[in-house]
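S.K.: So I've got this file, protein-v9.cif, and it contains mmCIF, C-alpha atoms:
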data_data
loop_
_atom_site.label_atom_id
_atom_site.label_comp_id
_atom_site.auth_asym_id
_atom_site.auth_seq_id
_atom_site.Cartn_x
_atom_site.Cartn_y
_atom_site.Cartn_z
CA MET A 1 -5.41 -10.75 18.94
CA SER A 2 -6.15 -8.68 15.86
CA PHE A 3 -4.67 -8.95 12.38
CA GLY A 4 -4.87 -7.20 9.03
CA LEU A 5 -6.85 -8.74 6.17
CA TYR A 6 -5.79 -8.07 2.59
CA ILE A 7 -8.04 -9.08 -0.32
CA HIS A 8 -6.39 -9.07 -3.75
CA ILE A 9 -8.44 -8.30 -6.88
CA PRO A 10 -6.18 -9.01 -9.89
CA PHE A 11 -8.19 -7.17 -12.55
CA CYS A 12 -7.73 -3.76 -14.18
CA LYS A 13 -9.46 -1.81 -16.93
CA SER A 14 -6.09 -1.68 -18.69
CA VAL A 15 -2.50 -2.52 -17.75
CA CYS A 16 -0.27 0.47 -16.97
CA ALA A 17 3.10 0.77 -18.71
CA TYR A 18 5.14 0.47 -15.48
CA CYS A 19 3.17 -2.19 -13.59
CA ASP A 20 4.48 -5.68 -12.83
CA PHE A 21 1.94 -6.59 -10.12
CA PHE A 22 -0.01 -9.83 -10.47
CA ARG A 23 -3.01 -8.56 -12.47
CA GLY A 24 -4.70 -8.73 -15.84
CA VAL A 25 -7.34 -6.99 -17.93
CA TYR A 26 -10.86 -7.29 -16.51
CA ASP A 27 -13.00 -10.16 -17.75
CA SER A 28 -16.51 -10.36 -16.27
CA HIS A 29 -16.78 -14.15 -16.44
CA ARG A 30 -13.44 -14.75 -14.74
CA ALA A 31 -14.18 -12.02 -12.21
CA GLN A 32 -17.46 -13.72 -11.27
CA ARG A 33 -15.63 -17.02 -10.75
CA TYR A 34 -13.02 -15.18 -8.72
CA VAL A 35 -15.67 -14.23 -6.15
CA GLY A 36 -16.33 -17.90 -5.43
CA ALA A 37 -12.60 -18.63 -5.33
CA LEU A 38 -12.08 -15.90 -2.71
CA ILE A 39 -14.77 -17.42 -0.48
CA ASN A 40 -13.16 -20.85 -0.88
CA ASN A 41 -9.81 -19.28 0.01
CA ALA A 42 -11.29 -17.65 3.14
CA LYS A 43 -12.73 -20.97 4.31
CA LYS A 44 -9.35 -22.68 4.01
CA ALA A 45 -7.41 -19.74 5.45
CA ALA A 46 -9.59 -19.54 8.57
CA ALA A 47 -7.74 -22.59 9.88
CA GLU A 48 -4.56 -20.46 10.05
CA LEU A 49 -6.18 -18.06 12.54
CA ARG A 50 -6.46 -18.39 16.29
CA PRO A 51 -9.93 -18.64 17.91
CA GLN A 52 -11.62 -15.24 18.26
CA GLN A 53 -8.94 -13.54 16.14
CA ALA A 54 -10.54 -10.69 14.18
CA ALA A 55 -9.42 -8.33 11.43
CA ASP A 56 -9.23 -4.75 12.70
CA SER A 57 -8.07 -3.54 9.29
CA VAL A 58 -9.37 -4.73 5.93
CA TYR A 59 -7.73 -3.65 2.68
CA ILE A 60 -9.08 -4.50 -0.76
CA GLY A 61 -6.33 -3.92 -3.32
CA GLY A 62 -5.16 -5.05 -6.71
CA GLY A 63 -5.35 -4.60 -9.54
CA THR A 64 -8.26 -2.23 -9.44
CA PRO A 65 -11.09 -3.44 -7.17
CA THR A 66 -13.46 -0.74 -8.41
CA VAL A 67 -13.60 -2.30 -11.89
CA LEU A 68 -15.70 -5.19 -10.53
CA ALA A 69 -19.34 -5.16 -11.61
CA GLU A 70 -21.87 -4.08 -9.00
CA GLY A 71 -22.67 -6.82 -6.53
CA MET A 72 -19.42 -8.76 -6.93
CA LEU A 73 -17.62 -7.21 -3.95
CA ALA A 74 -20.77 -7.58 -1.84
CA ALA A 75 -21.00 -11.28 -2.68
CA ALA A 76 -17.32 -11.82 -1.94
CA LEU A 77 -17.45 -10.03 1.41
CA GLU A 78 -20.63 -11.79 2.48
CA GLY A 79 -18.96 -15.14 1.87
CA ILE A 80 -15.64 -14.15 3.45
CA LYS A 81 -17.37 -12.95 6.63
CA LYS A 82 -18.83 -16.43 7.14
CA HIS A 83 -15.32 -17.64 7.84
CA ILE A 84 -13.31 -14.60 9.00
CA LYS A 85 -14.32 -12.10 11.69
CA PHE A 86 -14.23 -8.37 11.04
CA ALA A 87 -13.64 -6.39 14.26
CA GLU A 88 -16.03 -3.67 15.34
CA GLY A 89 -14.75 -0.30 14.10
CA ALA A 90 -12.26 -1.83 11.68
CA GLU A 91 -10.51 0.42 9.19
CA PHE A 92 -11.92 -0.74 5.84
CA THR A 93 -10.06 0.45 2.75
CA CYS A 94 -10.74 -0.10 -0.93
CA GLU A 95 -8.31 0.90 -3.66
CA GLY A 96 -9.59 2.41 -6.87
CA ASN A 97 -8.62 4.35 -9.95
CA PRO A 98 -10.26 7.69 -10.79
CA GLU A 99 -11.93 6.49 -14.00
CA SER A 100 -13.81 3.70 -12.20
CA PHE A 101 -14.68 5.55 -8.99
CA THR A 102 -18.19 6.82 -9.78
CA GLU A 103 -21.22 7.96 -7.76
CA LYS A 104 -22.66 4.48 -8.15
CA LYS A 105 -19.44 2.85 -6.99
CA ALA A 106 -19.23 5.20 -4.00
CA GLU A 107 -22.76 4.22 -2.98
CA GLU A 108 -21.90 0.53 -3.27
CA LEU A 109 -18.75 0.87 -1.14
CA LYS A 110 -20.68 2.81 1.51
CA ARG A 111 -23.23 0.00 1.75
CA LEU A 112 -20.40 -2.50 2.21
CA GLY A 113 -19.00 -0.56 5.18
CA VAL A 114 -15.88 0.77 3.42
CA ASN A 115 -14.69 3.88 5.27
CA ARG A 116 -11.44 4.65 3.47
CA VAL A 117 -10.67 4.98 -0.25
CA SER A 118 -7.16 4.91 -1.70
CA LEU A 119 -7.08 6.40 -5.20
CA GLY A 120 -4.25 5.84 -7.65
CA VAL A 121 -3.99 9.37 -9.01
CA GLN A 122 -0.22 9.16 -9.78
CA SER A 123 -0.02 12.51 -11.59
CA LEU A 124 -2.02 15.53 -12.72
CA ASN A 125 0.23 16.10 -15.73
CA GLY A 126 -1.48 14.89 -18.90
CA ALA A 127 1.75 13.95 -20.68
CA THR A 128 2.89 11.93 -17.66
CA LEU A 129 -0.42 10.10 -17.39
CA ARG A 130 -0.23 9.13 -21.06
CA ALA A 131 3.38 7.94 -20.73
CA LEU A 132 2.40 5.77 -17.77
CA GLY A 133 -0.53 4.31 -19.64
CA ARG A 134 -3.07 5.60 -17.12
CA ALA A 135 -6.72 5.49 -18.17
CA HIS A 136 -7.83 8.72 -16.49
CA THR A 137 -7.30 12.45 -16.94
CA ALA A 138 -6.25 15.01 -14.34
CA ARG A 139 -9.79 16.36 -14.23
CA GLN A 140 -11.19 12.88 -13.54
CA ALA A 141 -8.65 12.38 -10.78
CA VAL A 142 -9.56 15.57 -8.93
CA ALA A 143 -13.27 14.83 -9.38
CA ALA A 144 -12.84 11.32 -7.93
CA VAL A 145 -11.07 12.64 -4.81
CA GLU A 146 -13.75 15.30 -4.36
CA LEU A 147 -16.49 12.68 -4.74
CA ALA A 148 -14.91 10.33 -2.20
CA ALA A 149 -14.45 13.14 0.34
CA ARG A 150 -17.99 14.42 -0.24
CA ARG A 151 -19.39 10.94 0.40
CA GLY A 152 -17.64 10.78 3.76
CA PHE A 153 -14.73 8.47 2.98
CA ARG A 154 -11.32 9.10 4.43
CA VAL A 155 -9.36 9.65 1.20
CA SER A 156 -5.78 8.74 0.33
CA ALA A 157 -4.20 9.80 -2.98
CA ASP A 158 -1.08 8.21 -4.48
CA MET A 159 1.55 10.00 -6.51
CA MET A 160 4.43 8.47 -8.45
CA LEU A 161 7.78 10.25 -8.46
CA GLY A 162 10.59 10.12 -11.00
CA VAL A 163 8.21 9.60 -13.92
CA PRO A 164 8.36 11.02 -17.47
CA PHE A 165 7.83 14.79 -17.93
CA GLN A 166 7.57 15.45 -14.17
CA THR A 167 8.75 18.74 -12.64
CA GLU A 168 8.87 20.11 -9.10
CA ALA A 169 6.02 22.43 -10.06
CA ASP A 170 3.93 19.35 -10.93
CA VAL A 171 4.67 17.82 -7.54
CA LYS A 172 3.71 20.95 -5.60
CA ALA A 173 0.56 21.45 -7.67
CA PHE A 174 -0.45 17.83 -7.03
CA VAL A 175 -0.21 18.24 -3.25
CA ARG A 176 -2.20 21.49 -3.26
CA ALA A 177 -4.86 20.07 -5.57
CA MET A 178 -5.30 16.93 -3.44
CA ARG A 179 -5.52 19.06 -0.27
CA GLU A 180 -8.20 21.25 -1.83
CA ALA A 181 -10.09 18.19 -3.13
CA GLY A 182 -10.27 16.66 0.35
CA ALA A 183 -7.53 14.03 0.57
CA GLU A 184 -6.45 13.43 4.19
CA HIS A 185 -3.60 11.10 3.32
CA LEU A 186 -0.91 11.21 0.62
CA SER A 187 1.51 8.56 -0.60
CA ALA A 188 4.50 9.17 -2.84
CA TYR A 189 6.33 6.27 -4.43
CA MET A 190 9.50 6.32 -6.49
CA LEU A 191 9.02 4.76 -9.90
CA THR A 192 10.66 1.36 -10.21
CA VAL A 193 11.20 0.34 -13.82
CA HIS A 194 10.64 -3.41 -14.05
CA GLU A 195 12.03 -5.55 -16.85
CA GLY A 196 9.31 -6.77 -19.20
CA THR A 197 7.10 -3.68 -18.87
CA PRO A 198 6.54 -1.16 -21.70
CA LEU A 199 8.24 1.56 -19.64
CA PHE A 200 11.35 -0.60 -19.29
CA GLU A 201 11.52 -0.82 -23.06
CA ALA A 202 11.21 2.97 -23.31
CA VAL A 203 14.13 3.37 -20.89
CA ARG A 204 16.15 0.82 -22.87
CA ARG A 205 15.53 2.82 -26.06
CA GLY A 206 16.66 5.99 -24.31
CA GLU A 207 13.24 7.66 -24.47
CA PHE A 208 13.11 8.07 -20.71
CA CYS A 209 16.16 8.10 -18.43
CA PRO A 210 15.21 8.71 -14.78
CA SER A 211 17.91 10.39 -12.69
CA GLU A 212 18.34 9.41 -9.03
CA ASP A 213 19.29 12.97 -8.09
CA GLU A 214 16.25 14.44 -9.84
CA SER A 215 13.99 11.84 -8.23
CA ALA A 216 15.43 12.70 -4.80
CA ASP A 217 14.74 16.41 -5.40
CA LEU A 218 11.15 15.57 -6.35
CA TYR A 219 10.77 13.48 -3.20
CA GLU A 220 11.94 16.33 -0.99
CA ALA A 221 9.72 18.80 -2.84
CA PHE A 222 6.70 16.55 -2.36
CA PHE A 223 7.09 16.31 1.40
CA ARG A 224 7.94 20.00 1.82
CA ALA A 225 4.73 20.85 -0.02
CA ALA A 226 2.82 18.30 2.05
CA ALA A 227 4.07 19.84 5.30
CA GLU A 228 3.09 23.31 4.08
CA CYS A 229 -0.43 21.96 3.46
CA GLY A 230 -0.75 20.45 6.95
CA TYR A 231 0.23 16.83 6.27
CA ALA A 232 2.69 15.18 8.67
CA ARG A 233 5.08 12.59 7.24
CA TYR A 234 4.79 9.45 9.35
CA GLU A 235 6.52 6.92 7.09
CA ILE A 236 9.12 7.16 4.35
CA SER A 237 6.49 7.33 1.60
CA ASN A 238 3.41 8.58 3.46
CA ALA A 239 1.99 11.71 5.07
CA ALA A 240 -1.38 12.34 6.66
CA PHE A 241 -3.42 14.70 8.75
CA PRO A 242 -3.22 13.74 12.46
CA GLY A 243 -5.34 10.63 13.01
CA ALA A 244 -5.62 9.81 9.30
CA GLU A 245 -2.61 7.48 9.10
CA CYS A 246 -3.30 4.16 7.35
CA ARG A 247 -3.84 1.56 10.07
CA HIS A 248 -3.50 -1.34 7.66
CA ASN A 249 -0.12 -0.28 6.25
CA LEU A 250 1.15 0.40 9.76
CA LYS A 251 0.68 -3.30 10.42
CA TYR A 252 3.30 -4.04 7.78
CA TRP A 253 5.70 -1.46 9.17
CA ARG A 254 5.21 -2.76 12.73
CA ALA A 255 5.74 -6.36 11.57
CA GLU A 256 2.29 -7.34 12.83
CA GLU A 257 0.24 -10.23 11.48
CA TYR A 258 -1.76 -10.09 8.28
CA LEU A 259 -3.65 -12.56 6.13
CA GLY A 260 -3.89 -12.26 2.36
CA LEU A 261 -6.73 -13.70 0.27
CA GLY A 262 -6.55 -13.96 -3.51
CA ALA A 263 -4.17 -15.26 -6.15
CA GLY A 264 -0.69 -13.91 -5.43
CA ALA A 265 -1.68 -12.45 -2.03
CA PHE A 266 0.89 -12.45 0.79
CA SER A 267 0.40 -13.36 4.45
CA MET A 268 2.49 -13.22 7.61
CA LEU A 269 1.12 -15.35 10.46
CA GLY A 270 2.93 -17.01 13.34
CA GLY A 271 6.33 -15.99 12.01
CA ARG A 272 5.70 -17.54 8.58
CA ARG A 273 5.61 -15.34 5.51
CA TYR A 274 3.96 -16.99 2.52
CA HIS A 275 1.95 -16.23 -0.60
CA ILE A 276 -0.67 -17.94 -2.71
CA LYS A 277 0.74 -19.15 -5.99
CA GLU A 278 0.39 -16.62 -8.82
CA ASP A 279 -1.71 -18.87 -11.03
CA LEU A 280 -5.15 -17.42 -11.69
CA ASP A 281 -6.46 -20.45 -13.56
CA ALA A 282 -5.48 -22.79 -10.72
CA TYR A 283 -6.97 -20.39 -8.18
CA LEU A 284 -10.27 -20.22 -10.07
CA ALA A 285 -10.30 -24.02 -10.10
CA GLY A 286 -10.13 -24.08 -6.30
CA SER A 287 -6.39 -24.31 -5.63
CA CYS A 288 -5.02 -22.12 -2.84
CA GLU A 289 -1.50 -23.49 -2.98
CA GLU A 290 0.73 -21.68 -0.53
CA VAL A 291 4.39 -20.91 -1.18
CA THR A 292 6.40 -20.37 2.01
CA ASP A 293 8.82 -17.50 1.54
CA GLU A 294 10.34 -17.37 5.02
CA VAL A 295 9.94 -18.83 8.52
CA MET A 296 11.33 -16.49 11.15
CA SER A 297 12.56 -17.04 14.69
CA ALA A 298 11.58 -14.68 17.51
CA LYS A 299 14.91 -12.86 17.08
CA GLU A 300 14.39 -12.52 13.32
CA LEU A 301 10.89 -11.16 13.88
CA ALA A 302 12.26 -8.58 16.32
CA LEU A 303 14.90 -7.54 13.80
CA GLU A 304 12.21 -7.11 11.15
CA GLN A 305 10.13 -5.02 13.55
CA THR A 306 13.21 -2.88 14.17
CA VAL A 307 14.03 -2.37 10.49
CA PHE A 308 10.44 -1.60 9.51
CA GLY A 309 9.92 0.65 12.54
CA LEU A 310 12.84 2.80 11.45
CA ARG A 311 10.85 3.60 8.29
CA THR A 312 8.36 5.51 10.46
CA ARG A 313 8.32 8.44 12.82
CA PHE A 314 7.25 6.02 15.59
CA GLY A 315 10.60 4.23 15.45
CA ALA A 316 11.65 0.80 16.71
CA PRO A 317 10.51 0.04 20.28
CA ALA A 318 13.09 -0.79 22.94
CA GLU A 319 11.61 -4.29 23.40
CA ALA A 320 12.21 -5.11 19.72
CA LEU A 321 15.80 -3.81 19.92
CA ALA A 322 16.51 -5.98 22.95
CA ALA A 323 14.94 -9.08 21.38
CA ALA A 324 16.99 -8.49 18.22
CA GLY A 325 20.21 -8.20 20.23
CA ILE A 326 20.77 -4.52 19.43
CA ASP A 327 22.40 -2.31 22.08
CA ALA A 328 20.86 1.13 21.58
CA ALA A 329 23.55 2.96 23.60
CA GLU A 330 26.37 1.32 21.65
CA LEU A 331 24.61 2.06 18.35
CA LEU A 332 24.19 5.73 19.25
CA SER A 333 27.86 6.00 20.16
CA ARG A 334 28.74 4.82 16.65
CA ALA A 335 25.94 6.37 14.62
CA GLY A 336 24.41 9.18 16.66
CA ARG A 337 24.53 11.33 13.55
CA TYR A 338 21.71 9.27 12.08
CA PHE A 339 19.69 8.00 15.05
CA THR A 340 17.98 9.27 18.18
CA PHE A 341 16.52 7.36 21.12
CA ASP A 342 13.62 8.87 23.02
CA GLY A 343 10.22 7.85 24.31
CA GLY A 344 11.36 4.24 24.48
CA ALA A 345 12.10 3.95 20.77
CA LEU A 346 15.02 4.22 18.37
CA ARG A 347 14.34 6.59 15.48
CA LEU A 348 16.11 7.40 12.25
CA LYS A 349 16.37 11.17 11.85
CA GLU A 350 13.92 12.33 9.21
CA GLU A 351 16.55 14.06 7.09
CA PHE A 352 18.05 10.61 6.39
CA TRP A 353 14.83 8.80 5.45
CA LEU A 354 15.54 8.99 1.74
CA VAL A 355 18.81 7.08 2.22
CA SER A 356 17.49 4.85 4.98
CA ASP A 357 18.24 1.56 3.20
CA GLY A 358 21.99 2.15 3.20
CA ILE A 359 22.09 3.36 6.80
CA ILE A 360 19.98 0.48 8.11
CA THR A 361 22.03 -2.05 6.17
CA LYS A 362 25.29 -0.67 7.61
CA TYR A 363 24.27 -0.23 11.24
CA ILE A 364 21.37 -2.61 11.90
CA LEU A 365 21.57 -5.62 9.59
#
As structure tokens, what does this structure read like?
M.R.:
Amino acid sequence: MSFGLYIHIPFCKSVCAYCDFFRGVYDSHRAQRYVGALINNAKKAAAELRPQQAADSVYIGGGTPTVLAEGMLAAALEGIKKHIKFAEGAEFTCEGNPESFTEKKAEELKRLGVNRVSLGVQSLNGATLRALGRAHTARQAVAAVELAARRGFRVSADMMLGVPFQTEADVKAFVRAMREAGAEHLSAYMLTVHEGTPLFEAVRRGEFCPSEDESADLYEAFFRAAAECGYARYEISNAAFPGAECRHNLKYWRAEEYLGLGAGAFSMLGGRRYHIKEDLDAYLAGSCEEVTDEVMSAKELALEQTVFGLRTRFGAPAEALAAAGIDAAELLSRAGRYFTFDGGALRLKEEFWLVSDGIITKYIL
């Protein structure tokens, strides 16, 4: 049995105005100690895995993994591999931001076996980047994507929608620029304004008031432009060239197993979803305290597989529907406007993906 391995690096060059992830500003001393803590975490976590279980997808995220000094990722991975198996031919992704993805960093990731790079571009509009507190320019972003593609990585570029100063022209230009730069995969995420962030305060002061209708228009414009450039939407927020879909993220959407290493990292193994306590000091001191978020029955797991599958073009398989107690024929008689059933799977029609939460809540949950 395979699983996905996620490694969380909670350090960034600077903290963006909208971000509420578990992260902090990079500190070399704490980062060095974090390497040892990750290895300690891997040793303890190995007991959760079944014999011969190997990771066929590895995803290093954060934070910004590419801010780590040279040699730190290598040391962490060397130690982790002593306790956790990486499958032959595994998809191996590392996140990064344009300002820290350099020639030297590309060489380092190549040596480590990374074959996919996910870059947080977010926008190519200078005013938007400044409002979001991003540390890079549009020129740096395009250059980073070009560098990653030139060095043979499969490249994914993220864009944020519903952000300050954004227009449909920006969205279309972003897609074309990423296509020309060599990105094979695109992700578009709606901005969520979290309380306690600088952007939340700007919204509260009335400096930025995102409109749901405008955000929806931007979403549709993004995926129309992506289709025109040859990308196929395969999940609510993602599009890729055929064969370039993100294997690791598909594990989440198929409700498959994954193990998370690092302070604040989430795991889902054996029907138990849990995370490591978000306490960096305790983690650096050797604590890997787990907080159980949910323990699911077989029926609950099948329902989750159904709900997540409906986020994708692959749909929810008939076996999951049956295990969740869902009668596909009866559902189609009530809600055939929204769903189709073919190829052994229930699918939500693509024109309703943007409002999928409401439809799924009404007819599935």
S.K.: Just the number, please: distance in Å from atom CA of A:Ile39 to atom CA of A:His8, one decimal.
M.R.: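 Separating atom CA of A:Ile39 from atom CA of A:His8 is a distance of 12.3 Å.
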S.K.: For the PyMOL selection byres ((chain A and resi 176) around 12), applied here, can you spell out every residue it catches as a PDB file with C-alpha atoms, in the coordinates of the input?
M.R.:
ATOM      1  CA  LEU A 124      -2.020  15.530 -12.720  1.00  0.00           C
ATOM      2  CA  VAL A 142      -9.560  15.570  -8.930  1.00  0.00           C
ATOM      3  CA  ALA A 157      -4.200   9.800  -2.980  1.00  0.00           C
ATOM      4  CA  ALA A 169       6.020  22.430 -10.060  1.00  0.00           C
ATOM      5  CA  ASP A 170       3.930  19.350 -10.930  1.00  0.00           C
ATOM      6  CA  VAL A 171       4.670  17.820  -7.540  1.00  0.00           C
ATOM      7  CA  LYS A 172       3.710  20.950  -5.600  1.00  0.00           C
ATOM      8  CA  ALA A 173       0.560  21.450  -7.670  1.00  0.00           C
ATOM      9  CA  PHE A 174      -0.450  17.830  -7.030  1.00  0.00           C
ATOM     10  CA  VAL A 175      -0.210  18.240  -3.250  1.00  0.00           C
ATOM     11  CA  ALA A 177      -4.860  20.070  -5.570  1.00  0.00           C
ATOM     12  CA  MET A 178      -5.300  16.930  -3.440  1.00  0.00           C
ATOM     13  CA  ARG A 179      -5.520  19.060  -0.270  1.00  0.00           C
ATOM     14  CA  GLU A 180      -8.200  21.250  -1.830  1.00  0.00           C
ATOM     15  CA  ALA A 181     -10.090  18.190  -3.130  1.00  0.00           C
ATOM     16  CA  GLY A 182     -10.270  16.660   0.350  1.00  0.00           C
ATOM     17  CA  ALA A 183      -7.530  14.030   0.570  1.00  0.00           C
ATOM     18  CA  GLU A 184      -6.450  13.430   4.190  1.00  0.00           C
ATOM     19  CA  LEU A 186      -0.910  11.210   0.620  1.00  0.00           C
ATOM     20  CA  PHE A 222       6.700  16.550  -2.360  1.00  0.00           C
ATOM     21  CA  PHE A 223       7.090  16.310   1.400  1.00  0.00           C
ATOM     22  CA  ARG A 224       7.940  20.000   1.820  1.00  0.00           C
ATOM     23  CA  ALA A 225       4.730  20.850  -0.020  1.00  0.00           C
ATOM     24  CA  ALA A 226       2.820  18.300   2.050  1.00  0.00           C
ATOM     25  CA  ALA A 227       4.070  19.840   5.300  1.00  0.00           C
ATOM     26  CA  GLU A 228       3.090  23.310   4.080  1.00  0.00           C
ATOM     27  CA  CYS A 229      -0.430  21.960   3.460  1.00  0.00           C
ATOM     28  CA  GLY A 230      -0.750  20.450   6.950  1.00  0.00           C
ATOM     29  CA  TYR A 231       0.230  16.830   6.270  1.00  0.00           C
TER      30      TYR A 231
END
S.K.: Give me the residues within 8 Å of stretch 69-83 of chain A as a PDB file with C-alpha atoms, in the coordinates of the input, counting all atoms listed in the file and dropping any in the same chain fewer than 5 places off.
M.R.:
ATOM      1  CA  SER A  28     -16.510 -10.360 -16.270  1.00  0.00           C
ATOM      2  CA  GLN A  32     -17.460 -13.720 -11.270  1.00  0.00           C
ATOM      3  CA  VAL A  35     -15.670 -14.230  -6.150  1.00  0.00           C
ATOM      4  CA  GLY A  36     -16.330 -17.900  -5.430  1.00  0.00           C
ATOM      5  CA  LEU A  38     -12.080 -15.900  -2.710  1.00  0.00           C
ATOM      6  CA  ILE A  39     -14.770 -17.420  -0.480  1.00  0.00           C
ATOM      7  CA  ALA A  42     -11.290 -17.650   3.140  1.00  0.00           C
ATOM      8  CA  LYS A  43     -12.730 -20.970   4.310  1.00  0.00           C
ATOM      9  CA  ALA A  46      -9.590 -19.540   8.570  1.00  0.00           C
ATOM     10  CA  LYS A 105     -19.440   2.850  -6.990  1.00  0.00           C
ATOM     11  CA  GLU A 108     -21.900   0.530  -3.270  1.00  0.00           C
ATOM     12  CA  LEU A 112     -20.400  -2.500   2.210  1.00  0.00           C
TER      13      LEU A 112
END
S.K.: Between A:Ala318, A:Leu68, A:Ala149, A:Ala45, which residue has the minimum interatomic distance to A:Glu289, considering all atoms listed in the file?
M.R.: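 Comparing A:Ala318, A:Leu68, A:Ala149, A:Ala45 against A:Glu289, the winner is A:Ala45.
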S.K.: Any idea what the distance is between atom CA of A:Ala282 and atom CA of A:Asp27?
M.R.: 16.3 Å
S.K.: Do you know which residues the PyMOL selection byres ((chain A and resi 244) around 8) returns on this file, as an NGL selection string?
M.R.: :A and (154 or 184-185 or 240-243 or 245-246)
S.K.: Using all atoms listed in the file, can you tell me which of A:Ile326, A:Ala221, A:Ile364, A:Val58 comes closest to A:Tyr338?
M.R.: A:Ile364
S.K.: For A:Val114, which of A:Ile7, A:Val295, A:Leu332, A:Cys94 is the closest residue, counting all atoms listed in the file?
M.R.: A:Cys94
S.K.: Could you model N, CA and C atoms for stretch 87-104 of chain A and present them as a PDB file, keeping the file's coordinate frame?
M.R.:
ATOM      1  N   ALA A  87     -13.485  -7.034  12.956  1.00  0.00           N
ATOM      2  CA  ALA A  87     -13.640  -6.390  14.260  1.00  0.00           C
ATOM      3  C   ALA A  87     -14.552  -5.171  14.162  1.00  0.00           C
ATOM      4  N   GLU A  88     -15.212  -4.886  15.252  1.00  0.00           N
ATOM      5  CA  GLU A  88     -16.030  -3.670  15.340  1.00  0.00           C
ATOM      6  C   GLU A  88     -15.121  -2.459  15.166  1.00  0.00           C
ATOM      7  N   GLY A  89     -15.532  -1.515  14.316  1.00  0.00           N
ATOM      8  CA  GLY A  89     -14.750  -0.300  14.100  1.00  0.00           C
ATOM      9  C   GLY A  89     -13.500  -0.493  13.267  1.00  0.00           C
ATOM     10  N   ALA A  90     -13.439  -1.574  12.507  1.00  0.00           N
ATOM     11  CA  ALA A  90     -12.260  -1.830  11.680  1.00  0.00           C
ATOM     12  C   ALA A  90     -12.062  -0.751  10.623  1.00  0.00           C
ATOM     13  N   GLU A  91     -10.813  -0.425  10.350  1.00  0.00           N
ATOM     14  CA  GLU A  91     -10.510   0.420   9.190  1.00  0.00           C
ATOM     15  C   GLU A  91     -10.736  -0.447   7.959  1.00  0.00           C
ATOM     16  N   PHE A  92     -11.520   0.067   7.003  1.00  0.00           N
ATOM     17  CA  PHE A  92     -11.920  -0.740   5.840  1.00  0.00           C
ATOM     18  C   PHE A  92     -11.633   0.067   4.588  1.00  0.00           C
ATOM     19  N   THR A  93     -10.552  -0.301   3.907  1.00  0.00           N
ATOM     20  CA  THR A  93     -10.060   0.450   2.750  1.00  0.00           C
ATOM     21  C   THR A  93     -10.327  -0.285   1.448  1.00  0.00           C
ATOM     22  N   CYS A  94     -10.662   0.474   0.418  1.00  0.00           N
ATOM     23  CA  CYS A  94     -10.740  -0.100  -0.930  1.00  0.00           C
ATOM     24  C   CYS A  94      -9.945   0.792  -1.868  1.00  0.00           C
ATOM     25  N   GLU A  95      -9.047   0.172  -2.631  1.00  0.00           N
ATOM     26  CA  GLU A  95      -8.310   0.900  -3.660  1.00  0.00           C
ATOM     27  C   GLU A  95      -9.212   1.153  -4.865  1.00  0.00           C
ATOM     28  N   GLY A  96      -8.850   2.155  -5.644  1.00  0.00           N
ATOM     29  CA  GLY A  96      -9.590   2.410  -6.870  1.00  0.00           C
ATOM     30  C   GLY A  96      -8.815   3.356  -7.761  1.00  0.00           C
ATOM     31  N   ASN A  97      -9.172   3.380  -9.020  1.00  0.00           N
ATOM     32  CA  ASN A  97      -8.620   4.350  -9.950  1.00  0.00           C
ATOM     33  C   ASN A  97      -9.688   5.392 -10.271  1.00  0.00           C
ATOM     34  N   PRO A  98      -9.287   6.609 -10.574  1.00  0.00           N
ATOM     35  CA  PRO A  98     -10.260   7.690 -10.790  1.00  0.00           C
ATOM     36  C   PRO A  98     -11.327   7.384 -11.823  1.00  0.00           C
ATOM     37  N   GLU A  99     -10.954   6.711 -12.927  1.00  0.00           N
ATOM     38  CA  GLU A  99     -11.930   6.490 -14.000  1.00  0.00           C
ATOM     39  C   GLU A  99     -13.040   5.515 -13.606  1.00  0.00           C
ATOM     40  N   SER A 100     -12.791   4.669 -12.598  1.00  0.00           N
ATOM     41  CA  SER A 100     -13.810   3.700 -12.200  1.00  0.00           C
ATOM     42  C   SER A 100     -14.454   4.018 -10.851  1.00  0.00           C
ATOM     43  N   PHE A 101     -14.057   5.155 -10.251  1.00  0.00           N
ATOM     44  CA  PHE A 101     -14.680   5.550  -8.990  1.00  0.00           C
ATOM     45  C   PHE A 101     -15.807   6.547  -9.303  1.00  0.00           C
ATOM     46  N   THR A 102     -17.020   6.032  -9.382  1.00  0.00           N
ATOM     47  CA  THR A 102     -18.190   6.820  -9.780  1.00  0.00           C
ATOM     48  C   THR A 102     -19.142   6.989  -8.597  1.00  0.00           C
ATOM     49  N   GLU A 103     -20.186   7.798  -8.791  1.00  0.00           N
ATOM     50  CA  GLU A 103     -21.220   7.960  -7.760  1.00  0.00           C
ATOM     51  C   GLU A 103     -21.807   6.607  -7.377  1.00  0.00           C
ATOM     52  N   LYS A 104     -22.081   5.795  -8.394  1.00  0.00           N
ATOM     53  CA  LYS A 104     -22.660   4.480  -8.150  1.00  0.00           C
ATOM     54  C   LYS A 104     -21.707   3.595  -7.357  1.00  0.00           C
TER      55      LYS A 104
END
